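Quick look at run22.pdb (PDB, C-alpha atoms and all ligand atoms):
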```pdb
ATOM      1  CA  MET P   1      13.549   9.915  29.138  1.00  0.00           C
ATOM      2  CA  SER P   2      13.075  13.502  30.297  1.00  0.00           C
ATOM      3  CA  ASP P   3      10.721  14.493  33.103  1.00  0.00           C
ATOM      4  CA  TYR P   4       8.164  15.981  30.736  1.00  0.00           C
ATOM      5  CA  GLN P   5       8.244  12.850  28.494  1.00  0.00           C
ATOM      6  CA  ALA P   6       7.717  10.622  31.544  1.00  0.00           C
ATOM      7  CA  TRP P   7       4.872  12.863  32.693  1.00  0.00           C
ATOM      8  CA  PHE P   8       3.233  12.724  29.255  1.00  0.00           C
ATOM      9  CA  SER P   9       3.582   8.919  28.982  1.00  0.00           C
ATOM     10  CA  LYS P  10       2.183   8.354  32.438  1.00  0.00           C
ATOM     11  CA  THR P  11      -0.702  10.798  32.121  1.00  0.00           C
ATOM     12  CA  THR P  12      -1.735   9.367  28.749  1.00  0.00           C
ATOM     13  CA  GLY P  13      -1.075   5.768  29.789  1.00  0.00           C
ATOM     14  CA  LEU P  14      -3.174   6.049  32.939  1.00  0.00           C
ATOM     15  CA  LYS P  15      -6.096   7.379  30.913  1.00  0.00           C
ATOM     16  CA  VAL P  16      -5.868   4.352  28.614  1.00  0.00           C
ATOM     17  CA  VAL P  17      -5.684   2.061  31.660  1.00  0.00           C
ATOM     18  CA  GLU P  18      -8.851   3.629  33.023  1.00  0.00           C
ATOM     19  CA  ARG P  19     -10.644   3.016  29.710  1.00  0.00           C
ATOM     20  CA  LEU P  20      -9.325  -0.557  29.550  1.00  0.00           C
ATOM     21  CA  ASN P  21     -10.664  -1.223  33.036  1.00  0.00           C
ATOM     22  CA  ARG P  22     -14.021   0.188  32.013  1.00  0.00           C
ATOM     23  CA  ASN P  23     -14.000  -2.440  29.244  1.00  0.00           C
ATOM     24  CA  SER P  24     -13.425  -5.236  31.787  1.00  0.00           C
ATOM     25  CA  PHE P  25      -9.719  -5.707  31.050  1.00  0.00           C
ATOM     26  CA  ASN P  26      -7.283  -5.526  33.948  1.00  0.00           C
ATOM     27  CA  GLY P  27      -5.320  -2.492  32.796  1.00  0.00           C
ATOM     28  CA  LEU P  28      -2.036  -1.648  34.521  1.00  0.00           C
ATOM     29  CA  TYR P  29       0.568   1.040  33.933  1.00  0.00           C
ATOM     30  CA  PHE P  30       4.334   0.536  34.274  1.00  0.00           C
ATOM     31  CA  GLU P  31       6.908   3.244  33.731  1.00  0.00           C
ATOM     32  CA  THR P  32       9.521   0.802  32.445  1.00  0.00           C
ATOM     33  CA  ALA P  33       9.692  -2.537  30.642  1.00  0.00           C
ATOM     34  CA  ALA P  34      11.770  -3.869  33.557  1.00  0.00           C
ATOM     35  CA  GLU P  35       8.896  -3.183  35.974  1.00  0.00           C
ATOM     36  CA  ALA P  36       6.449  -4.860  33.567  1.00  0.00           C
ATOM     37  CA  THR P  37       8.786  -7.881  33.357  1.00  0.00           C
ATOM     38  CA  ASP P  38       8.843  -8.176  37.152  1.00  0.00           C
ATOM     39  CA  TYR P  39       5.054  -8.085  37.232  1.00  0.00           C
ATOM     40  CA  ILE P  40       4.750 -10.801  34.560  1.00  0.00           C
ATOM     41  CA  CYS P  41       7.346 -13.035  36.213  1.00  0.00           C
ATOM     42  CA  GLY P  42       5.447 -12.637  39.483  1.00  0.00           C
ATOM     43  CA  GLN P  43       2.547 -14.492  37.819  1.00  0.00           C
ATOM     44  CA  ILE P  44       4.714 -17.471  36.826  1.00  0.00           C
ATOM     45  CA  THR P  45       4.914 -20.548  39.033  1.00  0.00           C
ATOM     46  CA  SER P  46       6.785 -23.830  38.771  1.00  0.00           C
ATOM     47  CA  GLY P  47       5.280 -26.301  36.300  1.00  0.00           C
ATOM     48  CA  MET P  48       3.173 -23.656  34.574  1.00  0.00           C
ATOM     49  CA  HIS P  49       2.945 -23.866  30.750  1.00  0.00           C
ATOM     50  CA  VAL P  50       3.939 -20.427  29.493  1.00  0.00           C
ATOM     51  CA  ALA P  51       3.456 -19.439  25.847  1.00  0.00           C
ATOM     52  CA  PHE P  52       4.349 -16.430  23.729  1.00  0.00           C
ATOM     53  CA  GLY P  53       2.512 -14.817  20.854  1.00  0.00           C
ATOM     54  CA  ASP P  54       5.511 -13.051  19.408  1.00  0.00           C
ATOM     55  CA  GLN P  55       8.204 -14.722  17.369  1.00  0.00           C
TER
ATOM     56  CA  MET V   1      12.645  -3.383  23.217  1.00  0.00           C
ATOM     57  CA  THR V   2      10.223  -6.185  22.282  1.00  0.00           C
ATOM     58  CA  VAL V   3       8.377  -8.770  24.375  1.00  0.00           C
ATOM     59  CA  ARG V   4      11.038 -11.288  23.338  1.00  0.00           C
ATOM     60  CA  GLN V   5      13.788  -8.964  24.579  1.00  0.00           C
ATOM     61  CA  MET V   6      12.168  -8.467  28.009  1.00  0.00           C
ATOM     62  CA  GLY V   7      13.922 -11.567  29.308  1.00  0.00           C
ATOM     63  CA  ILE V   8      10.700 -13.263  30.398  1.00  0.00           C
ATOM     64  CA  ARG V   9      11.582 -16.594  28.783  1.00  0.00           C
ATOM     65  CA  GLU V  10      14.823 -16.928  30.702  1.00  0.00           C
ATOM     66  CA  ARG V  11      13.250 -15.956  34.014  1.00  0.00           C
ATOM     67  CA  ALA V  12      10.259 -18.260  33.420  1.00  0.00           C
ATOM     68  CA  VAL V  13      12.616 -21.200  32.933  1.00  0.00           C
ATOM     69  CA  SER V  14      14.489 -20.332  36.123  1.00  0.00           C
ATOM     70  CA  LEU V  15      11.114 -20.262  37.937  1.00  0.00           C
ATOM     71  CA  GLY V  16      10.418 -23.825  36.750  1.00  0.00           C
ATOM     72  CA  ALA V  17       7.927 -22.978  34.012  1.00  0.00           C
ATOM     73  CA  ILE V  18       7.596 -25.058  30.850  1.00  0.00           C
ATOM     74  CA  LEU V  19       7.950 -22.887  27.759  1.00  0.00           C
ATOM     75  CA  ILE V  20       5.764 -23.396  24.695  1.00  0.00           C
ATOM     76  CA  ASP V  21       7.501 -21.249  22.126  1.00  0.00           C
ATOM     77  CA  HIS V  22       6.859 -21.499  18.394  1.00  0.00           C
ATOM     78  CA  GLY V  23       9.702 -19.028  17.912  1.00  0.00           C
ATOM     79  CA  ALA V  24      12.263 -21.357  19.481  1.00  0.00           C
ATOM     80  CA  PRO V  25      15.248 -21.941  17.204  1.00  0.00           C
ATOM     81  CA  GLY V  26      15.616 -25.237  15.369  1.00  0.00           C
ATOM     82  CA  LEU V  27      11.939 -26.093  14.908  1.00  0.00           C
ATOM     83  CA  ASN V  28      10.787 -27.359  11.524  1.00  0.00           C
ATOM     84  CA  GLU V  29       7.500 -26.146  10.065  1.00  0.00           C
ATOM     85  CA  GLU V  30       5.377 -28.987  11.453  1.00  0.00           C
ATOM     86  CA  GLU V  31       6.922 -28.639  14.930  1.00  0.00           C
ATOM     87  CA  ARG V  32       6.293 -24.893  14.819  1.00  0.00           C
ATOM     88  CA  LEU V  33       2.623 -25.406  13.947  1.00  0.00           C
ATOM     89  CA  GLU V  34       2.281 -27.974  16.737  1.00  0.00           C
ATOM     90  CA  MET V  35       3.727 -25.441  19.196  1.00  0.00           C
ATOM     91  CA  MET V  36       1.183 -22.889  18.012  1.00  0.00           C
ATOM     92  CA  ARG V  37      -1.629 -25.384  18.688  1.00  0.00           C
ATOM     93  CA  ARG V  38      -0.277 -26.111  22.168  1.00  0.00           C
ATOM     94  CA  GLU V  39      -0.009 -22.387  22.909  1.00  0.00           C
ATOM     95  CA  LEU V  40      -3.798 -22.199  22.621  1.00  0.00           C
ATOM     96  CA  THR V  41      -4.176 -24.243  25.819  1.00  0.00           C
ATOM     97  CA  SER V  42      -1.285 -22.781  27.823  1.00  0.00           C
ATOM     98  CA  ASP V  43      -1.624 -21.631  31.435  1.00  0.00           C
ATOM     99  CA  LEU V  44      -0.245 -18.202  30.633  1.00  0.00           C
ATOM    100  CA  PHE V  45      -0.087 -16.575  27.207  1.00  0.00           C
ATOM    101  CA  ILE V  46       2.055 -13.440  26.832  1.00  0.00           C
ATOM    102  CA  SER V  47       1.851 -11.252  23.756  1.00  0.00           C
ATOM    103  CA  SER V  48       2.244  -7.760  22.399  1.00  0.00           C
ATOM    104  CA  THR V  49      -0.609  -5.951  20.667  1.00  0.00           C
ATOM    105  CA  ASN V  50      -0.387  -4.029  17.411  1.00  0.00           C
ATOM    106  CA  ALA V  51      -2.439  -1.142  18.774  1.00  0.00           C
ATOM    107  CA  VAL V  52      -4.357  -0.052  21.858  1.00  0.00           C
ATOM    108  CA  THR V  53      -6.825   2.776  21.499  1.00  0.00           C
ATOM    109  CA  SER V  54      -7.516   5.662  23.849  1.00  0.00           C
ATOM    110  CA  GLU V  55     -10.995   4.130  24.083  1.00  0.00           C
ATOM    111  CA  GLY V  56      -9.488   1.039  25.736  1.00  0.00           C
ATOM    112  CA  THR V  57      -9.755  -1.454  22.877  1.00  0.00           C
ATOM    113  CA  LEU V  58      -7.118  -3.739  21.343  1.00  0.00           C
ATOM    114  CA  VAL V  59      -6.607  -3.996  17.577  1.00  0.00           C
ATOM    115  CA  ASN V  60      -4.419  -6.648  15.950  1.00  0.00           C
ATOM    116  CA  VAL V  61      -3.420  -8.210  12.685  1.00  0.00           C
ATOM    117  CA  ASP V  62      -1.972 -11.694  12.356  1.00  0.00           C
ATOM    118  CA  ALA V  63      -0.731 -13.965   9.600  1.00  0.00           C
ATOM    119  CA  TYR V  64      -1.636 -17.425  10.907  1.00  0.00           C
ATOM    120  CA  GLY V  65      -4.227 -16.323  13.473  1.00  0.00           C
ATOM    121  CA  ASN V  66      -2.534 -18.201  16.303  1.00  0.00           C
ATOM    122  CA  ARG V  67      -1.640 -15.059  18.244  1.00  0.00           C
ATOM    123  CA  VAL V  68      -5.045 -13.390  17.967  1.00  0.00           C
ATOM    124  CA  ALA V  69      -6.851 -16.694  18.630  1.00  0.00           C
ATOM    125  CA  ALA V  70      -4.937 -17.259  21.869  1.00  0.00           C
ATOM    126  CA  MET V  71      -5.708 -13.706  22.970  1.00  0.00           C
ATOM    127  CA  MET V  72      -9.421 -14.468  22.812  1.00  0.00           C
ATOM    128  CA  PHE V  73      -9.949 -17.976  24.191  1.00  0.00           C
ATOM    129  CA  GLY V  74      -7.943 -20.977  25.285  1.00  0.00           C
ATOM    130  CA  PRO V  75      -5.131 -19.958  27.638  1.00  0.00           C
ATOM    131  CA  ARG V  76      -6.057 -19.798  31.328  1.00  0.00           C
ATOM    132  CA  LYS V  77      -4.646 -16.292  31.519  1.00  0.00           C
ATOM    133  CA  VAL V  78      -3.477 -13.736  28.956  1.00  0.00           C
ATOM    134  CA  ILE V  79      -1.057 -10.856  29.497  1.00  0.00           C
ATOM    135  CA  ILE V  80      -0.811  -8.241  26.767  1.00  0.00           C
ATOM    136  CA  VAL V  81       2.105  -5.797  26.747  1.00  0.00           C
ATOM    137  CA  ALA V  82       1.818  -2.468  24.925  1.00  0.00           C
ATOM    138  CA  GLY V  83       4.537   0.143  24.707  1.00  0.00           C
ATOM    139  CA  PHE V  84       3.543   3.781  24.763  1.00  0.00           C
ATOM    140  CA  ASN V  85       4.018   3.920  20.974  1.00  0.00           C
ATOM    141  CA  LYS V  86       1.095   1.502  20.468  1.00  0.00           C
ATOM    142  CA  ILE V  87      -1.477   3.982  21.798  1.00  0.00           C
ATOM    143  CA  VAL V  88      -3.667   5.512  19.102  1.00  0.00           C
ATOM    144  CA  GLN V  89      -6.756   7.687  19.202  1.00  0.00           C
ATOM    145  CA  ASN V  90      -9.407   5.275  17.966  1.00  0.00           C
ATOM    146  CA  GLU V  91     -10.001   2.106  15.935  1.00  0.00           C
ATOM    147  CA  LYS V  92      -9.624   3.906  12.603  1.00  0.00           C
ATOM    148  CA  ALA V  93      -6.217   5.182  13.685  1.00  0.00           C
ATOM    149  CA  ALA V  94      -5.416   1.663  14.884  1.00  0.00           C
ATOM    150  CA  PHE V  95      -6.078   0.198  11.446  1.00  0.00           C
ATOM    151  CA  ASP V  96      -4.012   3.004   9.912  1.00  0.00           C
ATOM    152  CA  ARG V  97      -1.201   2.015  12.277  1.00  0.00           C
ATOM    153  CA  LEU V  98      -1.503  -1.640  11.288  1.00  0.00           C
ATOM    154  CA  GLU V  99      -1.309  -0.736   7.611  1.00  0.00           C
ATOM    155  CA  GLN V 100       1.302   2.019   7.716  1.00  0.00           C
ATOM    156  CA  ILE V 101       3.664   0.828  10.458  1.00  0.00           C
ATOM    157  CA  ALA V 102       3.096  -2.652  11.907  1.00  0.00           C
ATOM    158  CA  GLY V 103       2.487  -4.420   8.582  1.00  0.00           C
ATOM    159  CA  PRO V 104       5.521  -3.210   6.618  1.00  0.00           C
ATOM    160  CA  MET V 105       7.882  -3.337   9.611  1.00  0.00           C
ATOM    161  CA  ASN V 106       6.868  -6.861  10.571  1.00  0.00           C
ATOM    162  CA  MET V 107       7.187  -8.070   7.000  1.00  0.00           C
ATOM    163  CA  LYS V 108      10.673  -6.580   6.842  1.00  0.00           C
ATOM    164  CA  ARG V 109      11.571  -8.164  10.190  1.00  0.00           C
ATOM    165  CA  LEU V 110      10.386 -11.550   8.958  1.00  0.00           C
ATOM    166  CA  ASN V 111      12.141 -11.106   5.605  1.00  0.00           C
ATOM    167  CA  ARG V 112       8.937 -11.655   3.609  1.00  0.00           C
ATOM    168  CA  GLU V 113       8.792 -11.090  -0.128  1.00  0.00           C
ATOM    169  CA  THR V 114       5.950  -8.544  -0.138  1.00  0.00           C
ATOM    170  CA  PRO V 115       5.720  -5.145  -1.861  1.00  0.00           C
ATOM    171  CA  CYS V 116       5.874  -3.289   1.465  1.00  0.00           C
ATOM    172  CA  THR V 117       9.358  -4.630   2.203  1.00  0.00           C
ATOM    173  CA  HIS V 118      10.624  -2.679  -0.822  1.00  0.00           C
ATOM    174  CA  ASP V 119       9.039   0.732  -0.251  1.00  0.00           C
ATOM    175  CA  ALA V 120       7.654   0.619   3.344  1.00  0.00           C
ATOM    176  CA  VAL V 121       4.150   1.252   2.007  1.00  0.00           C
ATOM    177  CA  CYS V 122       1.210  -1.142   2.255  1.00  0.00           C
ATOM    178  CA  HIS V 123      -0.194  -2.186  -1.137  1.00  0.00           C
ATOM    179  CA  ASP V 124      -3.005  -4.354   0.275  1.00  0.00           C
ATOM    180  CA  CYS V 125      -1.135  -7.070  -1.567  1.00  0.00           C
ATOM    181  CA  ARG V 126      -2.313 -10.431  -2.880  1.00  0.00           C
ATOM    182  CA  THR V 127       1.039 -12.168  -2.460  1.00  0.00           C
ATOM    183  CA  VAL V 128       1.317 -15.640  -0.909  1.00  0.00           C
ATOM    184  CA  SER V 129       3.704 -14.083   1.636  1.00  0.00           C
ATOM    185  CA  ARG V 130       1.120 -11.558   2.842  1.00  0.00           C
ATOM    186  CA  GLY V 131       1.265 -11.415   6.626  1.00  0.00           C
ATOM    187  CA  CYS V 132      -1.824  -9.251   7.147  1.00  0.00           C
ATOM    188  CA  ARG V 133      -4.639 -11.791   7.151  1.00  0.00           C
ATOM    189  CA  ALA V 134      -6.574 -12.083  10.433  1.00  0.00           C
ATOM    190  CA  TYR V 135      -7.771  -8.734  11.853  1.00  0.00           C
ATOM    191  CA  THR V 136      -9.282  -8.556  15.336  1.00  0.00           C
ATOM    192  CA  ILE V 137     -10.779  -5.915  17.633  1.00  0.00           C
ATOM    193  CA  LEU V 138     -11.274  -6.635  21.331  1.00  0.00           C
ATOM    194  CA  ARG V 139     -13.796  -4.050  22.541  1.00  0.00           C
ATOM    195  CA  ARG V 140     -14.337  -5.805  25.853  1.00  0.00           C
ATOM    196  CA  LYS V 141     -12.382  -8.531  27.618  1.00  0.00           C
ATOM    197  CA  PRO V 142     -13.540 -11.895  26.252  1.00  0.00           C
ATOM    198  CA  SER V 143     -15.821 -13.419  28.890  1.00  0.00           C
ATOM    199  CA  TYR V 144     -13.795 -16.463  29.887  1.00  0.00           C
ATOM    200  CA  THR V 145     -10.280 -15.073  29.490  1.00  0.00           C
ATOM    201  CA  PRO V 146      -8.653 -13.278  32.425  1.00  0.00           C
ATOM    202  CA  MET V 147      -6.611 -10.596  30.696  1.00  0.00           C
ATOM    203  CA  ASP V 148      -4.056  -8.094  31.991  1.00  0.00           C
ATOM    204  CA  VAL V 149      -3.148  -5.280  29.621  1.00  0.00           C
ATOM    205  CA  LEU V 150       0.151  -3.694  30.600  1.00  0.00           C
ATOM    206  CA  ILE V 151       0.755  -0.191  29.277  1.00  0.00           C
ATOM    207  CA  VAL V 152       4.468   0.596  29.448  1.00  0.00           C
ATOM    208  CA  GLY V 153       5.829   4.130  29.331  1.00  0.00           C
ATOM    209  CA  GLU V 154       8.568   3.161  26.863  1.00  0.00           C
ATOM    210  CA  ILE V 155       8.709   2.511  23.137  1.00  0.00           C
ATOM    211  CA  MET V 156       8.204  -1.222  22.608  1.00  0.00           C
ATOM    212  CA  GLY V 157       7.946  -3.327  19.471  1.00  0.00           C
ATOM    213  CA  MET V 158       6.594  -2.188  16.120  1.00  0.00           C
TER
HETATM  214  S1  LIG P 201      -1.083  -6.224   3.125  1.00  0.00           S
HETATM  215 FE1  LIG P 201       0.759  -6.871   2.005  1.00  0.00          FE
HETATM  216  S2  LIG P 201       1.753  -4.945   1.414  1.00  0.00           S
HETATM  217 FE2  LIG P 201       0.283  -4.434   3.033  1.00  0.00          FE
HETATM  218  S3  LIG P 201       1.510  -4.470   4.905  1.00  0.00           S
HETATM  219 FE3  LIG P 201       0.514  -6.484   4.683  1.00  0.00          FE
HETATM  220  S4  LIG P 201       2.047  -7.765   3.628  1.00  0.00           S
HETATM  221 FE4  LIG P 201       2.658  -5.591   3.348  1.00  0.00          FE
END
```
Just give me the structure of the file as structure tokens.
Amino acid sequence: MSDYQAWFSKTTGLKVVERLNRNSFNGLYFETAAEATDYICGQITSGMHVAFGDQ
Amino acid sequence: MTVRQMGIRERAVSLGAILIDHGAPGLNEEERLEMMRRELTSDLFISSTNAVTSEGTLVNVDAYGNRVAAMMFGPRKVIIVAGFNKIVQNEKAAFDRLEQIAGPMNMKRLNRETPCTHDAVCHDCRTVSRGCRAYTILRRKPSYTPMDVLIVGEIMGM
């Protein structure tokens, strides 16, 4: 992704996050799917029942 | 990249989590439905969304309703993942996205016999295979469901 694409994604994404937070969601922005994966896995503990909506 | 391809399942198992996965290979229809029921009371439910609006709302369409139901109530925590491509201006644009992109592409992915899998156009069909059945809008976080919405600066899913 080029610098200007990353800038556009982040600027737009952060605006959406701000609106999500205003609607009581916990909105978060991640530049990459790998960073989002790390965040999600940080919520997982041993013995937890983890489910997925997508097939 | 899709939620399934993020590698969360594998890492969750290595962290000692118990997976409830109706998409696991080898399940028969009854086992798959039972998994869907169990997903409704999971500790953590992870899903994509079909659209997220610039107004901060989530818009989805579902065939069985299991995914949208679990987003609203049941799991102790919900994490929604949305690639940059899922952002649309408003709820009207979200429904356009569901009809023009998410519906036909998902039907093709699932190999359904619907008109959209032939011409990539939604016909608001009446087929038994129709996947577009339960439509939801989350305008605010549901009261009793802690919900993270992760916006990712990459193209993800359909
Ligand atoms: S309503 Fe029918 S034709 Fe339209 S996208 Fe859904 S399955 Fe395809």
Using the chain letters and numbers from the file, which residues does the PyMOL selection byres ((chain P and not hetatm) within 7 of (chain V)) grab, as JSON, numbers by chain?
-> {"P": [9, 10, 13, 16, 19, 20, 23, 24, 25, 26, 27, 28, 29, 30, 31, 32, 33, 37, 41, 44, 45, 46, 47, 48, 49, 50, 51, 52, 53, 54, 55]}
Identify, counting all atoms listed in the file, the protein, DNA and RNA residues located within 10 Å of ligand LIG 201 (chain P), and give them as an MDAnalysis selection string.
-> chainID V and resid 61:63 98:108 112:133
Could you jot down the CA of Val59 in chain V to CA of Lys86 in chain V separation for me, Å, one decimal place?
-> 9.9 Å
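Between CA of Val17 in chain P and CA of Asn50 in chain V lies a distance of 16.4 Å.
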Separation of CA of Gly157 in chain V and CA of Leu14 in chain P, in Å?
->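 Value for the CA of Gly157 in chain V-CA of Leu14 in chain P distance: 19.8 Å.
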Per-axis box centre and lengths in Å around range 3-8 of chain V, 4 Å margin per side, axis-aligned, as AutoDock Vina command-line options:
```
--center_x 11.1 --center_y -10.9 --center_z 26.9 --size_x 13.5 --size_y 12.8 --size_z 15.1
```
Please rebuild range 5-15 of chain V with all heavy atoms and give the result as a CSV table (one decimal), keeping the file's coordinate frame.
```csv
chain,number,residue,atom,x,y,z
V,5,GLN,N,12.6,-9.5,24.0
V,5,GLN,CA,13.8,-9.0,24.6
V,5,GLN,C,13.6,-8.6,26.1
V,5,GLN,O,14.6,-8.2,26.7
V,5,GLN,CB,14.2,-7.7,23.8
V,5,GLN,CG,14.7,-8.0,22.4
V,5,GLN,CD,14.8,-6.8,21.5
V,5,GLN,OE1,14.3,-5.7,21.8
V,5,GLN,NE2,15.5,-6.9,20.4
V,6,MET,N,12.4,-8.8,26.6
V,6,MET,CA,12.2,-8.5,28.0
V,6,MET,C,12.8,-9.4,29.0
V,6,MET,O,12.9,-9.2,30.2
V,6,MET,CB,10.7,-8.4,28.3
V,6,MET,CG,10.0,-7.2,27.7
V,6,MET,SD,8.2,-7.3,27.8
V,6,MET,CE,7.9,-6.7,29.5
V,7,GLY,N,13.3,-10.6,28.4
V,7,GLY,CA,13.9,-11.6,29.3
V,7,GLY,C,13.0,-12.5,30.1
V,7,GLY,O,13.4,-13.1,31.1
V,8,ILE,N,11.7,-12.5,29.7
V,8,ILE,CA,10.7,-13.3,30.4
V,8,ILE,C,11.0,-14.8,30.2
V,8,ILE,O,10.8,-15.5,31.2
V,8,ILE,CB,9.3,-12.9,29.9
V,8,ILE,CG1,9.0,-11.4,30.1
V,8,ILE,CG2,8.2,-13.7,30.6
V,8,ILE,CD1,7.8,-10.9,29.3
V,9,ARG,N,11.4,-15.2,29.0
V,9,ARG,CA,11.6,-16.6,28.8
V,9,ARG,C,12.6,-17.2,29.8
V,9,ARG,O,12.4,-18.2,30.4
V,9,ARG,CB,12.0,-16.8,27.3
V,9,ARG,CG,10.9,-16.7,26.3
V,9,ARG,CD,11.5,-16.7,24.9
V,9,ARG,NE,10.5,-16.7,23.9
V,9,ARG,CZ,9.7,-15.7,23.5
V,9,ARG,NH1,9.8,-14.5,24.1
V,9,ARG,NH2,8.8,-15.8,22.5
V,10,GLU,N,13.7,-16.5,29.9
V,10,GLU,CA,14.8,-16.9,30.7
V,10,GLU,C,14.4,-17.0,32.2
V,10,GLU,O,14.7,-18.0,32.9
V,10,GLU,CB,16.0,-16.0,30.6
V,10,GLU,CG,16.6,-15.9,29.2
V,10,GLU,CD,15.8,-15.1,28.1
V,10,GLU,OE1,14.9,-14.5,28.5
V,10,GLU,OE2,16.2,-15.1,26.9
V,11,ARG,N,13.7,-16.0,32.6
V,11,ARG,CA,13.2,-16.0,34.0
V,11,ARG,C,12.2,-17.0,34.3
V,11,ARG,O,12.1,-17.6,35.3
V,11,ARG,CB,12.8,-14.6,34.4
V,11,ARG,CG,14.0,-13.6,34.7
V,11,ARG,CD,13.6,-12.2,35.0
V,11,ARG,NE,12.8,-12.1,36.2
V,11,ARG,CZ,12.4,-10.9,36.7
V,11,ARG,NH1,12.7,-9.8,36.0
V,11,ARG,NH2,11.6,-10.9,37.8
V,12,ALA,N,11.3,-17.2,33.3
V,12,ALA,CA,10.3,-18.3,33.4
V,12,ALA,C,10.9,-19.6,33.6
V,12,ALA,O,10.5,-20.4,34.4
V,12,ALA,CB,9.3,-18.2,32.2
V,13,VAL,N,11.9,-19.9,32.8
V,13,VAL,CA,12.6,-21.2,32.9
V,13,VAL,C,13.2,-21.3,34.3
V,13,VAL,O,13.1,-22.4,35.0
V,13,VAL,CB,13.7,-21.3,31.8
V,13,VAL,CG1,14.6,-22.5,32.1
V,13,VAL,CG2,13.0,-21.5,30.5
V,14,SER,N,13.8,-20.3,34.8
V,14,SER,CA,14.5,-20.3,36.1
V,14,SER,C,13.4,-20.5,37.2
V,14,SER,O,13.8,-21.0,38.3
V,14,SER,CB,15.4,-19.1,36.4
V,14,SER,OG,14.6,-18.0,36.6
V,15,LEU,N,12.2,-20.1,36.9
V,15,LEU,CA,11.1,-20.3,37.9
V,15,LEU,C,10.5,-21.6,37.8
V,15,LEU,O,9.5,-21.9,38.6
V,15,LEU,CB,10.1,-19.2,37.7
V,15,LEU,CG,10.5,-17.8,38.1
V,15,LEU,CD1,9.5,-16.7,37.5
V,15,LEU,CD2,10.5,-17.6,39.6
```
